[in-house]
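Have a look at coords-v2.cif below; it lists mmCIF, C-alpha atoms.
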data_upload
#
loop_
_atom_site.label_atom_id
_atom_site.label_comp_id
_atom_site.auth_asym_id
_atom_site.auth_seq_id
_atom_site.Cartn_x
_atom_site.Cartn_y
_atom_site.Cartn_z
CA MET A 1 75.32 61.14 -18.75
CA LEU A 2 78.54 62.84 -17.58
CA MET A 3 77.37 62.78 -13.96
CA LYS A 4 76.53 59.08 -14.28
CA LYS A 5 80.09 58.34 -15.52
CA LEU A 6 81.75 60.37 -12.75
CA PHE A 7 79.64 58.85 -9.98
CA TYR A 8 80.26 55.36 -11.29
CA ARG A 9 84.05 55.78 -11.47
CA LEU A 10 84.18 57.27 -7.99
CA ALA A 11 82.17 54.36 -6.56
CA VAL A 12 84.47 51.74 -8.11
CA CYS A 13 87.60 53.53 -6.88
CA LEU A 14 86.28 53.89 -3.35
CA CYS A 15 85.41 50.19 -3.11
CA VAL A 16 88.91 49.03 -4.00
CA ILE A 17 90.83 51.67 -2.09
CA GLY A 18 88.63 51.18 0.98
CA GLY A 19 89.54 47.51 1.02
CA LEU A 20 93.25 48.26 1.23
CA VAL A 21 93.34 51.35 3.44
CA GLY A 22 93.31 49.39 6.69
CA CYS A 23 96.68 47.75 6.04
CA SER A 24 99.98 49.33 6.81
CA LYS A 25 103.54 48.03 6.77
CA ASP A 26 103.08 47.07 10.45
CA ASP A 27 100.20 44.76 9.43
CA GLU A 28 102.21 42.83 6.84
CA PRO A 29 102.05 39.08 7.43
CA GLY A 30 105.28 37.13 7.78
CA GLY A 31 107.52 40.20 8.00
CA GLY A 32 106.55 41.65 4.62
CA GLU A 33 106.15 38.50 2.53
CA GLY A 34 104.14 39.03 -0.59
CA ALA A 35 103.56 37.71 -4.07
CA MET A 36 103.77 38.80 -7.68
CA TYR A 37 100.29 39.24 -9.17
CA GLN A 38 98.97 39.69 -12.69
CA VAL A 39 95.43 40.32 -13.91
CA THR A 40 94.21 40.16 -17.49
CA VAL A 41 90.81 41.50 -18.54
CA GLN A 42 89.74 40.09 -21.91
CA GLN A 43 86.73 41.77 -23.51
CA SER A 44 84.44 40.48 -26.22
CA GLY A 45 81.07 41.29 -27.67
CA ASP A 46 79.89 44.88 -27.99
CA TYR A 47 82.35 46.22 -25.36
CA ARG A 48 82.86 49.56 -27.14
CA SER A 49 79.21 50.47 -26.50
CA TYR A 50 79.54 50.35 -22.69
CA ILE A 51 81.27 52.60 -20.16
CA LYS A 52 83.88 50.53 -18.32
CA SER A 53 86.22 51.04 -15.40
CA VAL A 54 88.77 48.77 -13.73
CA VAL A 55 90.75 49.50 -10.57
CA VAL A 56 93.73 47.34 -9.58
CA ALA A 57 95.30 47.94 -6.18
CA ALA A 58 98.52 46.36 -4.92
CA ASN A 59 99.50 47.09 -1.34
CA GLY A 60 103.27 47.49 -1.13
CA THR A 61 104.31 47.81 -4.78
CA THR A 62 103.77 49.46 -8.15
CA VAL A 63 101.23 48.28 -10.73
CA VAL A 64 102.34 48.22 -14.38
CA ASN A 65 100.01 48.30 -17.39
CA GLU A 66 101.74 45.82 -19.69
CA ASN A 67 99.91 47.18 -22.73
CA THR A 68 101.22 50.73 -22.36
CA GLY A 69 104.12 50.49 -19.90
CA ASP A 70 102.42 53.01 -17.59
CA LYS A 71 103.30 52.61 -13.91
CA PHE A 72 100.96 53.38 -11.02
CA LYS A 73 102.09 53.67 -7.42
CA GLY A 74 99.89 51.15 -5.63
CA THR A 75 96.64 51.71 -7.55
CA ALA A 76 95.91 51.67 -11.28
CA ILE A 77 92.65 53.19 -12.45
CA LEU A 78 91.71 52.33 -16.02
CA ASP A 79 88.90 54.35 -17.53
CA ASP A 80 86.85 53.67 -20.62
CA ASP A 81 89.59 55.02 -22.93
CA ALA A 82 92.20 52.64 -21.47
CA LEU A 83 89.70 49.79 -21.88
CA ALA A 84 89.05 50.45 -25.58
CA VAL A 85 91.18 47.41 -26.51
CA PRO A 86 90.16 43.73 -26.44
CA SER A 87 92.61 42.79 -23.67
CA VAL A 88 94.45 44.62 -20.88
CA THR A 89 97.06 43.10 -18.54
CA LEU A 90 98.31 44.67 -15.32
CA SER A 91 101.10 43.24 -13.16
CA THR A 92 102.79 44.06 -9.91
CA GLU A 93 106.33 45.31 -10.30
CA GLY A 94 107.35 43.80 -6.96
CA SER A 95 105.71 41.58 -4.37
CA ALA A 96 102.32 42.77 -3.13
CA ILE A 97 101.01 42.01 0.35
CA GLU A 98 97.42 42.38 -0.87
CA PHE A 99 95.99 42.57 -4.36
CA ALA A 100 92.50 43.68 -5.36
CA VAL A 101 90.67 44.01 -8.66
CA SER A 102 87.38 45.84 -9.02
CA GLY A 103 85.50 46.89 -12.09
CA GLY A 104 82.19 47.62 -13.56
CA VAL A 105 80.25 48.34 -16.67
CA VAL A 106 77.31 50.62 -17.37
CA ASP A 107 75.26 51.23 -20.49
CA GLY A 108 76.92 53.87 -22.66
CA ASP A 109 73.73 55.24 -24.22
CA ASP A 110 70.34 54.81 -22.58
CA ALA A 111 68.55 55.48 -25.89
CA VAL A 112 70.28 52.61 -27.74
CA VAL A 113 69.97 48.90 -26.97
CA ASN A 114 73.47 47.42 -26.98
CA GLU A 115 74.42 43.83 -27.68
CA PRO A 116 75.91 41.97 -24.67
CA MET A 117 79.59 42.19 -23.80
CA GLN A 118 81.73 39.81 -21.81
CA TRP A 119 84.76 40.04 -19.55
CA VAL A 120 87.02 37.12 -18.77
CA VAL A 121 89.16 38.16 -15.80
CA VAL A 122 92.19 35.95 -15.10
CA VAL A 123 94.33 36.46 -11.98
CA ARG A 124 97.77 34.90 -11.55
CA LYS A 125 99.83 34.72 -8.36
CA ASN A 126 103.54 34.00 -8.80
CA GLY A 127 102.83 32.91 -12.38
CA LYS A 128 100.11 30.39 -11.48
CA GLU A 129 96.45 31.00 -12.36
CA ILE A 130 94.48 31.31 -9.12
CA ASP A 131 91.18 32.73 -10.33
CA ARG A 132 89.12 33.09 -13.50
CA LYS A 133 85.79 34.92 -13.65
CA THR A 134 83.55 35.30 -16.66
CA LEU A 135 81.10 38.19 -16.45
CA THR A 136 78.42 38.95 -19.03
CA PHE A 137 76.91 42.41 -19.21
CA GLU A 138 73.59 42.98 -20.93
CA ASP A 139 72.01 46.32 -21.66
CA GLY A 140 69.68 47.32 -18.84
CA LYS A 141 70.78 44.55 -16.42
CA GLN A 142 73.07 45.00 -13.42
CA ILE A 143 75.52 42.45 -12.06
CA SER A 144 75.90 42.05 -8.32
CA ALA A 145 78.75 44.14 -6.91
CA ASP A 146 80.19 40.96 -5.34
CA ASP A 147 80.88 39.57 -8.82
CA LEU A 148 83.07 42.56 -9.69
CA ASN A 149 85.33 42.63 -6.62
CA LEU A 150 88.27 40.26 -6.25
CA TYR A 151 90.63 40.37 -3.26
CA TYR A 152 93.77 38.30 -2.55
CA LYS A 153 96.28 38.09 0.29
#

As structure tokens - that is how I would like this structure written.
Amino acid sequence: MLMKKLFYRLAVCLCVIGGLVGCSKDDEPGGGEGAMYQVTVQQSGDYRSYIKSVVVAANGTTVVNENTGDKFKGTAILDDDALAVPSVTLSTEGSAIEFAVSGGVVDGDDAVVNEPMQWVVVVRKNGKEIDRKTLTFEDGKQISADDLNLYYK
């Protein structure tokens, strides 16, 4: 079980970070123009029975967890403990050139059948909602990796 959790978290982190590694300050469009981003992950259902991870990456600025006030330089990695609450909001402290959200859920206990859980992921750019995804996780079923990765420029 521990190995499953570690492998899963590493895979999620690598997906998000890999998407942003290719960009440097020299690649910034429009001389460094960017936007303020915010993502909220709302959880419902039996979310405490699953192992969850969310990675938020912002190229060019700091990410702030509005629930705790924690600041992350460029990339915030929220583990299952940080996602033990019904809703988490992360925002960029300054303008980000690129913004990516990735996350996933796995069954917390293979021996127990869990009730479904749901994520509603809302992304805002400069205060305006630009994306909303609803993802339902059911015990024993996997969601396509494409459904868990969001990328904005």

Item to check | Reference answer for the PyMOL selection byres ((chain A and resi 104) around 8), as a list in words | outcome: Val12, Lys52, Ser53, Val54, Ser102, Gly103, Val105, Val106 and Leu148 of chain A

Keeping only C-alpha atoms, write the selected residues as a PDB file, in the frame of the given file.
ATOM      1  CA  VAL A  12      84.470  51.740  -8.110  1.00  0.00           C
ATOM      2  CA  LYS A  52      83.880  50.530 -18.320  1.00  0.00           C
ATOM      3  CA  SER A  53      86.220  51.040 -15.400  1.00  0.00           C
ATOM      4  CA  VAL A  54      88.770  48.770 -13.730  1.00  0.00           C
ATOM      5  CA  SER A 102      87.380  45.840  -9.020  1.00  0.00           C
ATOM      6  CA  GLY A 103      85.500  46.890 -12.090  1.00  0.00           C
ATOM      7  CA  VAL A 105      80.250  48.340 -16.670  1.00  0.00           C
ATOM      8  CA  VAL A 106      77.310  50.620 -17.370  1.00  0.00           C
ATOM      9  CA  LEU A 148      83.070  42.560  -9.690  1.00  0.00           C
TER      10      LEU A 148
END

Checklist entry - CA of Asp79 in chain A to CA of Tyr152 in chain A: how many Å, to one decimal? => result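 Between these atoms lies a distance of 22.5 Å.
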
Checklist entry - Please, what distance in Å, to one decimal, runs between CA of Gly60 in chain A and CA of Ala76 in chain A? => result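 Rounded to one decimal, the two atoms are 13.2 Å apart.
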
Next on the checklist: Need the shell around Glu115 in chain A: protein/DNA/RNA residues with any atom at most 7 Å away, counting only C-alpha atoms. Skip same-chain ones fewer than 6 positions apart. Format as a list in words?
Outcome noted: Asp46, Glu138 and Asp139 of chain A

Checklist entry - Mind pulling up the distance from CA of Val122 in chain A to CA of Tyr50 in chain A? => result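 Answer for the CA of Tyr50 in chain A to CA of Val122 in chain A separation: 20.6 Å.
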
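Those residues that approach Thr134 in chain A to within 7 Å, counting all atoms listed in the file, are Trp119, Val120 and Val121 of chain A; same-chain residues fewer than 5 positions away are not listed.
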
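The smallest atom-to-atom distance between Asn59 in chain A and any of A:Met117, A:Leu90, A:Ala35, A:Ala96, using all atoms listed in the file, is found for A:Ala96.
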
Next on the checklist: So, with all atoms listed in the file as the atoms that count, which of A:Asn114, A:Gln43, A:Asn149, A:Gln38 lies closest to Leu83 in chain A?
Outcome noted: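 Nearest candidate to Leu83 in chain A out of A:Asn114, A:Gln43, A:Asn149, A:Gln38: A:Gln43.
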
Test item: the PyMOL selection byres ((chain A and resi 151) around 8) resolved as an mmCIF file with C-alpha atoms, keeping the file's coordinate frame:
data_model
loop_
_atom_site.group_PDB
_atom_site.id
_atom_site.type_symbol
_atom_site.label_atom_id
_atom_site.label_comp_id
_atom_site.auth_asym_id
_atom_site.auth_seq_id
_atom_site.Cartn_x
_atom_site.Cartn_y
_atom_site.Cartn_z
ATOM 1 C CA GLU A 98 97.420 42.380 -0.870
ATOM 2 C CA PHE A 99 95.990 42.570 -4.360
ATOM 3 C CA ALA A 100 92.500 43.680 -5.360
ATOM 4 C CA VAL A 101 90.670 44.010 -8.660
ATOM 5 C CA ASN A 149 85.330 42.630 -6.620
ATOM 6 C CA LEU A 150 88.270 40.260 -6.250
ATOM 7 C CA TYR A 152 93.770 38.300 -2.550
ATOM 8 C CA LYS A 153 96.280 38.090 0.290
#

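Checking A:Ile51, A:Thr75, A:Lys128, A:Asn65 one by one against Ser87 in chain A, counting all atoms listed in the file, you find the shortest gap at A:Asn65.
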
Item to check | Residue contacts of Gly94 in chain A (7 Å, all atoms listed in the file) excluding same-chain residues fewer than 6 positions away, as a PyMOL selection string | outcome: chain A and resi 36+61-62

Next on the checklist: Which residue is closest to Gly69 in chain A? Choose from A:Val55, A:Asp107, A:Glu93, A:Asp81 and count all atoms listed in the file.
Outcome noted: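 Closest residue, counting all atoms listed in the file: A:Glu93.
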
Checklist entry - Which is closer to Pro116 in chain A than all the others in A:Lys141, A:Leu78, A:Phe72, A:Asn67, using all atoms listed in the file? => result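 Of A:Lys141, A:Leu78, A:Phe72, A:Asn67, the one nearest Pro116 in chain A is A:Lys141, counting all atoms listed in the file.
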